[in-house]
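See below for model_1.cif, which holds mmCIF, C-alpha atoms.
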```cif
data_target
#
loop_
_atom_site.label_atom_id
_atom_site.label_comp_id
_atom_site.auth_asym_id
_atom_site.auth_seq_id
_atom_site.Cartn_x
_atom_site.Cartn_y
_atom_site.Cartn_z
CA MET J 193 0.00 0.00 0.00
CA MET J 194 1.38 3.40 -0.99
CA THR J 195 1.71 6.14 1.58
CA ALA J 196 2.45 9.85 1.46
CA ALA J 197 5.99 10.65 0.30
CA VAL J 198 8.54 10.12 3.07
CA ILE J 199 11.02 13.00 3.16
CA LEU J 200 14.28 12.49 5.02
CA PRO J 201 15.14 14.90 7.84
CA PRO J 202 17.77 17.46 6.80
CA ASP J 203 20.60 15.97 8.88
CA THR J 204 20.02 12.49 7.44
CA ALA J 205 19.67 13.89 3.93
CA ARG J 206 23.01 15.68 4.26
CA GLU J 207 24.70 12.54 5.57
CA VAL J 208 23.85 10.34 2.59
CA ILE J 209 25.50 12.81 0.17
CA ASP J 210 28.38 13.84 2.45
CA PRO J 211 31.70 12.35 1.25
CA HIS J 212 33.03 12.53 4.81
CA ALA J 213 30.24 10.21 5.99
CA TYR J 214 31.50 7.54 3.59
CA ALA J 215 35.00 7.97 5.02
CA GLU J 216 33.65 7.34 8.54
CA TRP J 217 31.66 4.29 7.30
CA ASN J 218 30.27 2.76 10.53
CA GLY J 219 28.11 5.77 11.34
CA LEU J 220 26.78 5.72 7.79
CA LEU J 221 25.97 2.01 8.08
CA ASP J 222 24.04 2.80 11.28
CA THR J 223 22.01 5.35 9.34
CA PHE J 224 21.29 2.90 6.54
CA ASP J 225 20.22 0.25 9.07
CA ARG J 226 17.66 2.68 10.45
CA LEU J 227 16.44 3.84 7.03
CA ARG J 228 15.88 0.33 5.70
CA ILE J 229 13.46 -0.24 8.59
CA GLU J 230 11.79 3.18 8.82
CA SER J 231 11.84 4.47 5.23
CA PRO J 232 13.56 2.16 2.71
CA VAL J 233 12.56 4.46 -0.15
CA ALA J 234 12.62 8.10 0.93
CA LYS J 235 12.99 11.47 -0.73
CA VAL J 236 16.04 13.68 -0.25
CA VAL J 237 15.00 17.30 -0.69
CA PRO J 238 17.54 20.13 -0.66
CA GLU J 239 17.26 22.81 1.98
CA ASP J 240 17.46 26.49 1.11
CA GLY J 241 20.82 27.22 -0.43
CA GLU J 242 21.64 23.57 -1.24
CA LEU J 243 22.26 23.23 -4.92
CA PHE J 244 21.12 19.80 -6.01
CA ASP J 245 17.93 18.34 -7.40
CA PRO J 246 15.64 16.21 -5.19
CA PHE J 247 16.03 12.45 -5.48
CA TRP J 248 14.75 9.21 -3.97
CA LEU J 249 17.17 7.22 -1.81
CA VAL J 250 16.78 3.43 -2.19
CA THR J 251 18.42 1.34 0.55
CA ARG J 252 16.92 -2.18 0.62
CA HIS J 253 18.66 -4.97 -1.28
CA GLU J 254 15.46 -6.17 -2.96
CA ASP J 255 14.57 -2.66 -4.18
CA VAL J 256 18.10 -1.88 -5.43
CA MET J 257 18.12 -5.23 -7.26
CA ARG J 258 14.74 -4.45 -8.84
CA VAL J 259 15.84 -1.02 -10.06
CA SER J 260 19.15 -2.43 -11.34
CA LYS J 261 17.45 -5.12 -13.42
CA ASP J 262 14.54 -3.08 -14.77
CA ASN J 263 16.38 -1.01 -17.37
CA ALA J 264 13.19 -0.07 -19.20
CA THR J 265 11.58 1.64 -16.20
CA PHE J 266 14.73 3.03 -14.59
CA LEU J 267 17.04 4.75 -17.08
CA ASN J 268 20.70 5.72 -16.84
CA ASN J 269 19.92 8.76 -18.94
CA PRO J 270 18.57 11.47 -19.34
CA ARG J 271 19.83 12.72 -15.96
CA PRO J 272 23.31 12.20 -14.47
CA VAL J 273 24.14 8.64 -13.50
CA VAL J 274 26.22 9.84 -10.52
CA PHE J 275 24.96 12.23 -7.83
CA SER J 276 25.95 15.70 -9.02
CA LEU J 277 25.40 19.25 -7.89
CA ARG J 278 23.50 21.51 -10.26
CA SER J 279 26.67 23.54 -10.88
CA ALA J 280 28.49 20.40 -12.05
CA ILE J 281 25.63 19.44 -14.37
CA GLU J 282 25.49 22.94 -15.84
CA PHE J 283 29.27 23.00 -16.31
CA SER J 284 29.16 19.64 -18.09
CA ARG J 285 26.32 20.67 -20.37
CA LYS J 286 28.16 23.82 -21.40
CA ALA J 287 31.45 21.98 -21.91
CA THR J 288 30.19 18.82 -23.61
CA GLY J 289 26.46 19.11 -24.35
CA SER J 290 25.90 16.17 -21.98
CA ASN J 291 24.93 15.78 -18.31
CA MET J 292 28.23 14.01 -17.66
CA LEU J 293 31.79 15.02 -18.48
CA VAL J 294 32.37 11.46 -19.74
CA ASP J 295 29.83 9.56 -21.84
CA SER J 296 30.51 5.85 -21.40
CA LEU J 297 28.79 2.49 -21.00
CA VAL J 298 27.43 3.49 -17.59
CA VAL J 299 25.62 6.46 -19.13
CA PHE J 300 23.96 4.89 -22.17
CA ASP J 301 20.58 3.17 -22.34
CA ALA J 302 19.22 0.78 -24.96
CA PRO J 303 19.50 0.60 -27.90
CA ILE J 304 22.98 2.21 -27.78
CA HIS J 305 24.18 0.47 -24.61
CA PRO J 306 23.91 -3.18 -25.74
CA LYS J 307 25.58 -2.36 -29.06
CA TYR J 308 28.51 -0.69 -27.32
CA ARG J 309 28.79 -3.36 -24.64
CA ARG J 310 28.95 -6.16 -27.22
CA LEU J 311 32.10 -4.60 -28.70
CA THR J 312 34.29 -5.76 -25.79
CA GLN J 313 32.09 -8.22 -23.90
CA ASP J 314 33.76 -11.33 -25.33
CA TRP J 315 37.19 -9.86 -24.62
CA PHE J 316 36.38 -9.69 -20.89
CA MET J 317 34.97 -13.22 -20.62
CA PRO J 318 36.95 -15.86 -18.65
CA ARG J 319 37.81 -17.86 -21.79
CA ASN J 320 39.70 -14.91 -23.28
CA LEU J 321 41.14 -13.66 -20.00
CA ALA J 322 42.71 -17.07 -19.32
CA ARG J 323 45.43 -16.32 -21.86
CA MET J 324 46.54 -13.40 -19.68
CA GLU J 325 46.89 -15.44 -16.50
CA GLU J 326 50.65 -15.93 -16.65
CA GLU J 327 51.26 -12.27 -17.43
CA ILE J 328 49.09 -11.24 -14.48
CA ARG J 329 50.94 -13.71 -12.23
CA GLY J 330 54.18 -12.03 -13.23
CA ILE J 331 52.77 -8.61 -12.32
CA ALA J 332 51.57 -10.01 -8.97
CA GLN J 333 54.97 -11.52 -8.28
CA ARG J 334 56.79 -8.25 -8.92
CA THR J 335 54.26 -6.37 -6.80
CA VAL J 336 54.75 -8.72 -3.84
CA ASP J 337 58.52 -8.53 -4.33
CA ARG J 338 58.29 -4.76 -3.74
CA LEU J 339 56.15 -5.28 -0.63
CA VAL J 340 58.54 -7.84 0.86
CA GLY J 341 61.50 -5.60 0.04
CA ALA J 342 59.88 -2.69 1.87
CA GLY J 343 59.00 -4.74 4.98
CA PRO J 344 58.43 -5.53 7.71
CA GLU J 345 56.03 -2.53 7.72
CA ALA J 346 54.44 -0.84 4.73
CA ASP J 347 51.35 0.91 3.40
CA PHE J 348 49.56 -1.87 1.52
CA CYS J 349 47.52 0.62 -0.50
CA LYS J 350 50.54 2.49 -1.80
CA LEU J 351 52.70 -0.54 -2.54
CA VAL J 352 50.19 -3.18 -3.58
CA SER J 353 46.47 -2.48 -3.94
CA ALA J 354 46.86 0.76 -5.96
CA PRO J 355 49.69 -0.14 -8.40
CA TYR J 356 48.84 -3.81 -9.07
CA PRO J 357 45.41 -3.52 -10.76
CA LEU J 358 46.55 -0.29 -12.40
CA HIS J 359 49.43 -2.12 -14.09
CA VAL J 360 47.14 -4.97 -15.19
CA VAL J 361 44.55 -2.74 -16.85
CA MET J 362 47.19 -0.51 -18.44
CA GLN J 363 48.77 -3.59 -20.03
CA ILE J 364 45.33 -4.44 -21.41
CA LEU J 365 45.05 -0.94 -22.88
CA GLY J 366 48.61 -0.88 -24.21
CA VAL J 367 49.67 2.03 -21.99
CA PRO J 368 53.47 2.12 -21.46
CA GLU J 369 54.53 1.48 -17.87
CA GLY J 370 56.18 4.88 -17.70
CA ASP J 371 52.78 6.54 -18.18
CA GLU J 372 51.07 4.63 -15.35
CA PRO J 373 51.72 7.26 -12.64
CA ARG J 374 49.94 9.79 -14.86
CA MET J 375 47.00 7.40 -15.30
CA LEU J 376 46.77 6.87 -11.54
CA MET J 377 46.86 10.60 -10.84
CA LEU J 378 44.12 11.31 -13.38
CA THR J 379 41.94 8.49 -12.03
CA GLN J 380 42.30 9.79 -8.50
CA GLN J 381 41.39 13.26 -9.67
CA MET J 382 38.28 11.92 -11.42
CA PHE J 383 37.06 9.62 -8.65
CA GLY J 384 38.85 11.09 -5.63
CA GLY J 385 38.22 14.75 -6.32
CA GLN J 386 36.41 15.06 -2.99
CA ASP J 387 39.47 13.78 -1.12
CA ALA J 388 42.40 16.20 -0.87
CA ASP J 389 44.89 13.35 -0.35
CA LEU J 390 43.79 11.44 -3.46
CA SER J 391 43.13 14.34 -5.80
CA GLY J 392 46.65 15.66 -5.29
CA SER J 393 45.21 19.14 -5.21
CA GLY J 394 46.85 20.25 -1.99
CA MET J 395 43.55 21.83 -0.96
CA GLU J 396 42.05 20.84 2.37
CA ASN J 397 38.55 22.01 1.52
CA MET J 398 37.76 22.38 -2.14
CA SER J 399 34.66 24.24 -3.23
CA PRO J 400 32.27 22.42 -5.58
CA GLU J 401 33.49 24.65 -8.41
CA GLN J 402 37.11 23.65 -7.73
CA VAL J 403 36.17 19.98 -7.72
CA ILE J 404 34.40 20.39 -11.09
CA GLN J 405 37.45 22.11 -12.59
CA LEU J 406 39.74 19.37 -11.24
CA VAL J 407 37.62 16.57 -12.70
CA ALA J 408 37.16 18.36 -16.02
CA GLY J 409 40.92 18.82 -16.34
CA ALA J 410 41.49 15.11 -15.68
CA VAL J 411 38.91 14.18 -18.32
CA ARG J 412 40.58 16.43 -20.93
CA ASN J 413 43.94 14.85 -20.13
CA PHE J 414 42.49 11.36 -20.52
CA GLU J 415 40.81 12.27 -23.83
CA ASP J 416 44.03 13.69 -25.27
CA TYR J 417 46.04 10.70 -24.16
CA PHE J 418 43.68 8.03 -25.49
CA ALA J 419 43.24 9.85 -28.79
CA GLY J 420 46.92 9.05 -29.33
CA ILE J 421 46.44 5.41 -28.30
CA ALA J 422 43.44 5.07 -30.67
CA ALA J 423 45.37 6.55 -33.62
CA ASP J 424 48.23 4.14 -33.01
CA ARG J 425 45.92 1.10 -32.73
CA ARG J 426 44.17 2.00 -35.97
CA ALA J 427 47.53 2.15 -37.71
CA ASN J 428 49.03 -0.83 -35.85
CA PRO J 429 46.26 -3.03 -34.44
CA THR J 430 47.14 -5.75 -31.90
CA ASP J 431 45.02 -8.20 -29.90
CA ASP J 432 44.53 -5.85 -26.93
CA VAL J 433 41.25 -4.24 -25.95
CA ALA J 434 42.57 -0.83 -27.04
CA SER J 435 42.61 -2.11 -30.61
CA VAL J 436 39.08 -3.47 -30.28
CA ILE J 437 37.81 -0.04 -29.24
CA ALA J 438 39.87 1.92 -31.77
CA ASN J 439 38.66 -0.16 -34.72
CA ALA J 440 35.08 -0.78 -33.55
CA THR J 441 32.06 0.01 -35.68
CA VAL J 442 28.41 0.28 -34.64
CA ASP J 443 25.74 0.17 -37.34
CA GLY J 444 28.54 0.35 -39.88
CA GLU J 445 30.05 3.56 -38.50
CA PRO J 446 33.18 4.11 -36.34
CA LEU J 447 32.56 5.27 -32.79
CA PRO J 448 32.27 9.05 -32.42
CA ASP J 449 35.40 10.54 -30.87
CA ARG J 450 33.64 11.42 -27.61
CA ASP J 451 32.14 7.95 -27.23
CA MET J 452 35.48 6.31 -28.01
CA ALA J 453 37.22 8.47 -25.42
CA GLY J 454 34.53 7.55 -22.90
CA TYR J 455 35.04 3.85 -23.61
CA TYR J 456 38.78 4.11 -22.99
CA ILE J 457 38.27 6.18 -19.84
CA ILE J 458 35.75 3.79 -18.25
CA VAL J 459 38.01 0.77 -18.88
CA ALA J 460 41.09 2.63 -17.65
CA THR J 461 39.56 4.05 -14.48
CA ALA J 462 36.86 1.63 -13.36
CA GLY J 463 39.18 -1.19 -14.41
CA HIS J 464 41.60 -0.55 -11.58
CA ASP J 465 40.23 1.85 -8.95
CA THR J 466 37.45 -0.50 -7.88
CA THR J 467 39.67 -3.60 -7.80
CA SER J 468 42.19 -1.62 -5.77
CA ALA J 469 39.51 -0.87 -3.16
CA SER J 470 38.34 -4.49 -2.93
CA THR J 471 41.92 -5.76 -2.69
CA ALA J 472 42.70 -3.40 0.18
CA GLY J 473 39.44 -4.35 1.88
CA ALA J 474 40.30 -8.04 1.72
CA MET J 475 43.72 -7.41 3.22
CA MET J 476 42.31 -5.26 6.01
CA ALA J 477 39.85 -8.00 6.96
CA LEU J 478 42.58 -10.65 6.95
CA ALA J 479 45.02 -8.44 8.87
CA HIS J 480 42.31 -8.06 11.53
CA ASP J 481 42.00 -11.85 11.75
CA PRO J 482 45.40 -13.62 11.79
CA GLU J 483 43.70 -17.00 12.29
CA GLN J 484 41.81 -16.59 9.00
CA TRP J 485 45.08 -15.72 7.24
CA ALA J 486 46.60 -18.94 8.59
CA ARG J 487 43.55 -20.97 7.51
CA VAL J 488 43.57 -19.71 3.94
CA ARG J 489 47.35 -20.23 3.69
CA ALA J 490 46.69 -23.88 4.49
CA ASP J 491 43.53 -24.21 2.38
CA ARG J 492 43.45 -22.17 -0.83
CA SER J 493 39.93 -23.38 -1.62
CA LEU J 494 38.79 -20.62 0.79
CA LEU J 495 40.22 -17.92 -1.48
CA PRO J 496 37.27 -17.43 -3.90
CA GLY J 497 35.00 -16.84 -0.88
CA ILE J 498 37.43 -14.27 0.52
CA VAL J 499 37.54 -12.45 -2.84
CA GLU J 500 33.75 -12.36 -3.19
CA GLU J 501 33.16 -11.28 0.39
CA ALA J 502 35.78 -8.53 0.08
CA ILE J 503 33.93 -7.12 -2.93
CA ARG J 504 30.63 -7.08 -0.99
CA TRP J 505 32.12 -5.85 2.28
CA THR J 506 34.04 -3.04 0.60
CA THR J 507 31.46 -2.04 -2.07
CA PRO J 508 33.84 0.20 -4.09
CA VAL J 509 31.09 1.71 -6.30
CA GLN J 510 28.90 3.19 -3.60
CA HIS J 511 25.94 4.37 -5.66
CA PHE J 512 24.50 5.04 -9.07
CA MET J 513 21.59 7.26 -10.03
CA ARG J 514 18.63 6.29 -12.20
CA THR J 515 15.76 8.26 -13.77
CA ALA J 516 12.19 6.93 -13.82
CA ALA J 517 10.87 6.50 -17.37
CA GLU J 518 7.28 6.26 -16.12
CA ASP J 519 5.20 6.46 -12.95
CA VAL J 520 6.01 3.46 -10.76
CA GLU J 521 5.56 2.23 -7.18
CA LEU J 522 8.71 1.31 -5.28
CA GLY J 523 8.94 0.42 -1.61
CA GLY J 524 5.48 1.82 -0.93
CA GLN J 525 6.35 5.17 -2.52
CA GLN J 526 4.94 6.67 -5.71
CA ILE J 527 7.79 7.52 -8.05
CA ARG J 528 6.84 9.92 -10.85
CA LYS J 529 8.11 9.91 -14.42
CA GLY J 530 11.32 11.96 -14.53
CA ASP J 531 12.14 11.48 -10.82
CA TRP J 532 15.79 10.89 -9.93
CA LEU J 533 16.75 7.90 -7.74
CA MET J 534 19.93 6.94 -5.90
CA ILE J 535 20.43 3.17 -5.67
CA ASN J 536 22.85 2.90 -2.77
CA TYR J 537 24.97 -0.23 -3.03
CA VAL J 538 26.58 0.28 0.39
CA ALA J 539 23.15 0.12 1.99
CA ALA J 540 22.02 -2.82 -0.17
CA ASN J 541 25.18 -4.84 0.50
CA HIS J 542 24.70 -4.41 4.26
CA ASP J 543 21.01 -5.36 4.32
CA PRO J 544 20.48 -8.00 7.04
CA ALA J 545 17.45 -9.31 5.16
CA GLN J 546 19.89 -10.56 2.53
CA PHE J 547 23.16 -10.95 4.48
CA GLU J 548 23.27 -12.40 8.00
CA ASN J 549 25.44 -10.21 10.24
CA PRO J 550 26.38 -8.04 7.25
CA ARG J 551 29.16 -6.06 8.93
CA LYS J 552 31.09 -9.27 9.60
CA PHE J 553 33.65 -10.30 6.99
CA ASP J 554 32.58 -13.89 6.38
CA ALA J 555 34.61 -15.73 3.75
CA ALA J 556 32.20 -18.70 3.94
CA ARG J 557 29.14 -16.53 3.18
CA SER J 558 26.86 -18.42 0.82
CA PRO J 559 24.94 -17.41 -1.09
CA ASN J 560 26.56 -14.01 -1.56
CA ARG J 561 24.16 -12.12 -3.85
CA HIS J 562 25.91 -8.79 -3.43
CA LEU J 563 25.34 -5.85 -5.72
CA ALA J 564 28.88 -4.48 -5.83
CA PHE J 565 29.03 -5.29 -9.56
CA GLY J 566 25.51 -4.03 -10.15
CA ALA J 567 22.96 -6.30 -11.83
CA GLY J 568 21.12 -6.64 -15.12
CA ALA J 569 22.24 -5.13 -18.40
CA HIS J 570 24.67 -2.74 -16.69
CA GLN J 571 26.44 -5.33 -14.56
CA CYS J 572 30.16 -4.57 -14.43
CA LEU J 573 31.87 -5.55 -17.67
CA GLY J 574 35.15 -6.35 -15.88
CA LEU J 575 33.86 -8.50 -13.02
CA HIS J 576 35.66 -11.67 -14.23
CA LEU J 577 38.93 -9.74 -14.57
CA ALA J 578 38.56 -8.26 -11.08
CA ARG J 579 37.99 -11.68 -9.49
CA MET J 580 40.89 -13.19 -11.42
CA GLU J 581 43.29 -10.39 -10.47
CA MET J 582 42.42 -10.60 -6.78
CA LYS J 583 42.69 -14.40 -6.68
CA ILE J 584 46.11 -14.39 -8.36
CA LEU J 585 47.42 -11.61 -6.12
CA PHE J 586 46.33 -13.31 -2.91
CA GLU J 587 47.73 -16.65 -4.04
CA THR J 588 51.07 -14.87 -4.44
CA LEU J 589 50.76 -13.04 -1.11
CA LEU J 590 49.85 -16.24 0.74
CA ASP J 591 52.94 -17.95 -0.71
CA ARG J 592 55.23 -15.13 0.39
CA ILE J 593 53.74 -13.70 3.60
CA GLU J 594 53.62 -15.91 6.69
CA THR J 595 51.83 -13.55 9.06
CA ILE J 596 50.31 -10.09 8.68
CA GLU J 597 48.61 -7.62 11.02
CA LEU J 598 47.60 -3.97 11.13
CA ALA J 599 50.38 -1.52 11.97
CA GLY J 600 48.14 1.52 12.39
CA GLU J 601 44.68 2.85 11.68
CA PRO J 602 43.44 2.38 8.08
CA LYS J 603 41.82 5.42 6.48
CA ARG J 604 38.98 5.50 3.95
CA ALA J 605 38.66 7.88 1.04
CA THR J 606 36.36 10.88 1.32
CA SER J 607 34.05 10.14 -1.59
CA THR J 608 30.36 9.56 -2.30
CA PHE J 609 30.89 7.64 -5.56
CA VAL J 610 33.94 5.33 -5.72
CA GLY J 611 35.32 4.66 -2.26
CA GLY J 612 37.56 2.40 -0.23
CA LEU J 613 40.75 2.51 1.76
CA LYS J 614 43.37 5.10 0.90
CA THR J 615 45.90 3.95 3.52
CA LEU J 616 46.40 0.50 5.06
CA PRO J 617 49.50 0.24 7.29
CA VAL J 618 50.49 -3.39 7.81
CA ARG J 619 53.22 -5.30 9.61
CA PHE J 620 54.19 -8.70 8.23
CA ARG J 621 56.70 -11.54 8.33
CA ALA J 622 57.82 -12.92 5.00
CA ALA J 623 57.75 -16.69 4.53
#
```
Starting from the file, lay out its structure as structure tokens.
Amino acid sequence: MMTAAVILPPDTAREVIDPHAYAEWNGLLDTFDRLRIESPVAKVVPEDGELFDPFWLVTRHEDVMRVSKDNATFLNNPRPVVFSLRSAIEFSRKATGSNMLVDSLVVFDAPIHPKYRRLTQDWFMPRNLARMEEEIRGIAQRTVDRLVGAGPEADFCKLVSAPYPLHVVMQILGVPEGDEPRMLMLTQQMFGGQDADLSGSGMENMSPEQVIQLVAGAVRNFEDYFAGIAADRRANPTDDVASVIANATVDGEPLPDRDMAGYYIIVATAGHDTTSASTAGAMMALAHDPEQWARVRADRSLLPGIVEEAIRWTTPVQHFMRTAAEDVELGGQQIRKGDWLMINYVAANHDPAQFENPRKFDAARSPNRHLAFGAGAHQCLGLHLARMEMKILFETLLDRIETIELAGEPKRATSTFVGGLKTLPVRFRAA
């Protein structure tokens, strides 16, 4: 039965869009626990002076799953697919003619989306990725060598979880190793613009306008860089995914320059930043629990469960936005055509109706129907690669590290969109 629209109190409304709340994490999870019971679908309305459009916050697993799978009723366009201030949307429209600075797979709806996704979908399937396994093992080995050489204490994020998936995805895109620091910096400016440590801005408190300028500059840098990669792959195609994108045609026509740039950018950024967060989350959980580290060293069959639980527990992509294509009822609320919705994956992945004791890291959790990769037509294209990378890395770590524990307080990124640990100090004994 539908009821009158539930509007969140101002303090709660501010919390769910406050990047600092996502850095604190446990307090935010408390809020989501309360909302799932009291108002699982509720409206966030700006107060006077707040410059964003109203939206519906969706927190229950079953509702987030429904929205994710119903791509006809809940569209990725025509409004931004990531929570954005009005100033950011206006800036993007003036700069690009679009709601988003980058148009990519996560932005498009049918019929464009399935056509674009099919271009690289086979490339990212396990059968094709298997031929990269030895190369990825070599990257993992060199990464763990650096960690062991820096021991017995180190920042796992800086030495392992950030550079390892970055190197893997840059190899896939044919980016020279010497350019990887630039790619990491640009990714952190795009996704970590709200965090002064990650954006590299040197500003403690950036205004929204400064964040927009920072992200826009990173996007321009990415576009210029990948234009060069695309030109090279058209002239000298190889079997990498960069060549697939550069030489792709849809309905008999090459990809428009902006769409091609967006394709490269989404593979380059989402292809490593999210895996980095899940990898660090897995290590934090294991460093908290030395007995579990010992168990998985002795029994590697536990490793796939650890990888999957780390992805749920960490939830690197914290939300996406959708736009209602028609009037629809959701969670007892009447959603109107054109309304904006936030499907919050952090809330969904910590829903006790779906996950028993959801804040516990449980490597034996089964089933584990988490939504960290999304669901439906927009499910993460690189999910098989992410799982493979993490499994290979932890196999290598378990071979080389006998014991590991925290050596200080981990810190999370200040970000509403892509989040995770930014520092993870560990102390370890090499095998």
Quick one: apply the PyMOL selection byres ((chain J and resi 496-507) around 10) to the file and drop the selected residues here as a short mmCIF file (atom, residue, chain, number, x, y, z; two decimals) with C-alpha atoms, in the coordinates of the input.
```
data_model
loop_
_atom_site.label_atom_id
_atom_site.label_comp_id
_atom_site.auth_asym_id
_atom_site.auth_seq_id
_atom_site.Cartn_x
_atom_site.Cartn_y
_atom_site.Cartn_z
CA THR J 466 37.45 -0.50 -7.88
CA THR J 467 39.67 -3.60 -7.80
CA ALA J 469 39.51 -0.87 -3.16
CA SER J 470 38.34 -4.49 -2.93
CA THR J 471 41.92 -5.76 -2.69
CA ALA J 472 42.70 -3.40 0.18
CA GLY J 473 39.44 -4.35 1.88
CA ALA J 474 40.30 -8.04 1.72
CA MET J 475 43.72 -7.41 3.22
CA MET J 476 42.31 -5.26 6.01
CA ALA J 477 39.85 -8.00 6.96
CA LEU J 478 42.58 -10.65 6.95
CA GLN J 484 41.81 -16.59 9.00
CA VAL J 488 43.57 -19.71 3.94
CA ARG J 492 43.45 -22.17 -0.83
CA SER J 493 39.93 -23.38 -1.62
CA LEU J 494 38.79 -20.62 0.79
CA LEU J 495 40.22 -17.92 -1.48
CA PRO J 508 33.84 0.20 -4.09
CA VAL J 509 31.09 1.71 -6.30
CA GLN J 510 28.90 3.19 -3.60
CA HIS J 511 25.94 4.37 -5.66
CA ASN J 536 22.85 2.90 -2.77
CA TYR J 537 24.97 -0.23 -3.03
CA VAL J 538 26.58 0.28 0.39
CA ALA J 539 23.15 0.12 1.99
CA ALA J 540 22.02 -2.82 -0.17
CA ASN J 541 25.18 -4.84 0.50
CA HIS J 542 24.70 -4.41 4.26
CA PRO J 550 26.38 -8.04 7.25
CA ARG J 551 29.16 -6.06 8.93
CA LYS J 552 31.09 -9.27 9.60
CA PHE J 553 33.65 -10.30 6.99
CA ASP J 554 32.58 -13.89 6.38
CA ALA J 555 34.61 -15.73 3.75
CA ALA J 556 32.20 -18.70 3.94
CA ARG J 557 29.14 -16.53 3.18
CA SER J 558 26.86 -18.42 0.82
CA ASN J 560 26.56 -14.01 -1.56
CA ARG J 561 24.16 -12.12 -3.85
CA HIS J 562 25.91 -8.79 -3.43
CA LEU J 563 25.34 -5.85 -5.72
CA ALA J 564 28.88 -4.48 -5.83
CA PHE J 565 29.03 -5.29 -9.56
CA ALA J 578 38.56 -8.26 -11.08
CA ARG J 579 37.99 -11.68 -9.49
CA MET J 580 40.89 -13.19 -11.42
CA GLU J 581 43.29 -10.39 -10.47
CA MET J 582 42.42 -10.60 -6.78
CA LYS J 583 42.69 -14.40 -6.68
CA PHE J 586 46.33 -13.31 -2.91
CA VAL J 610 33.94 5.33 -5.72
CA GLY J 611 35.32 4.66 -2.26
CA GLY J 612 37.56 2.40 -0.23
CA LEU J 613 40.75 2.51 1.76
#
```
Could you check which of J:Phe512, J:Arg323, J:Arg489, J:Met377 is closest to Gln571 in chain J, using all atoms listed in the file?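 Answer, going by the shortest atom-to-atom distance: J:Phe512.
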For Ala213 in chain J, please output as a ChimeraX atom specification all residues within 12 Å (counting all atoms listed in the file; exclusion window: fewer than 4 positions along the same chain). /J:203-209,217-224,386,510,538,604-609,611
Among the residues J:Ala280, J:Cys572, J:Ile527, J:Ile404, the one that comes closest to Arg514 in chain J [using all atoms listed in the file]: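 Between J:Ala280, J:Cys572, J:Ile527, J:Ile404, the residue approaching Arg514 in chain J most closely is J:Ile527.
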Neighbours of Ser231 in chain J within 9 Å (only C-alpha atoms; same-chain residues fewer than 2 positions away dropped), as a compact mmCIF listing (two decimals) with C-alpha atoms, keeping the file's coordinate frame?
```
# COMPACT_ATOMS: atom_id res chain seq x y z
CA VAL J 198 8.54 10.12 3.07
CA ILE J 199 11.02 13.00 3.16
CA LEU J 200 14.28 12.49 5.02
CA ARG J 226 17.66 2.68 10.45
CA LEU J 227 16.44 3.84 7.03
CA ARG J 228 15.88 0.33 5.70
CA ILE J 229 13.46 -0.24 8.59
CA VAL J 233 12.56 4.46 -0.15
CA ALA J 234 12.62 8.10 0.93
CA VAL J 250 16.78 3.43 -2.19
CA THR J 251 18.42 1.34 0.55
CA GLY J 523 8.94 0.42 -1.61
```
Output range 411-420 of chain J as a tab-separated table (two decimals), keeping the file's coordinate frame, making sure N, CA and C atoms are there.
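Okay, this is what ended up in result_35.tsv:
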```tsv
chain	number	residue	atom	x	y	z
J	411	VAL	N	39.58	14.75	-17.16
J	411	VAL	CA	38.91	14.18	-18.32
J	411	VAL	C	39.58	14.64	-19.61
J	412	ARG	N	39.91	15.92	-19.72
J	412	ARG	CA	40.58	16.43	-20.93
J	412	ARG	C	41.93	15.73	-21.14
J	413	ASN	N	42.66	15.54	-20.04
J	413	ASN	CA	43.94	14.85	-20.13
J	413	ASN	C	43.77	13.42	-20.63
J	414	PHE	N	42.78	12.73	-20.07
J	414	PHE	CA	42.49	11.36	-20.52
J	414	PHE	C	42.14	11.34	-22.01
J	415	GLU	N	41.26	12.25	-22.43
J	415	GLU	CA	40.81	12.27	-23.83
J	415	GLU	C	41.99	12.49	-24.78
J	416	ASP	N	42.86	13.42	-24.42
J	416	ASP	CA	44.03	13.69	-25.27
J	416	ASP	C	44.94	12.47	-25.34
J	417	TYR	N	45.13	11.84	-24.21
J	417	TYR	CA	46.04	10.70	-24.16
J	417	TYR	C	45.50	9.54	-24.99
J	418	PHE	N	44.23	9.20	-24.80
J	418	PHE	CA	43.68	8.03	-25.49
J	418	PHE	C	43.40	8.29	-26.96
J	419	ALA	N	43.31	9.55	-27.36
J	419	ALA	CA	43.24	9.85	-28.79
J	419	ALA	C	44.52	9.37	-29.47
J	420	GLY	N	45.65	9.53	-28.79
J	420	GLY	CA	46.92	9.05	-29.33
J	420	GLY	C	46.97	7.53	-29.38
```
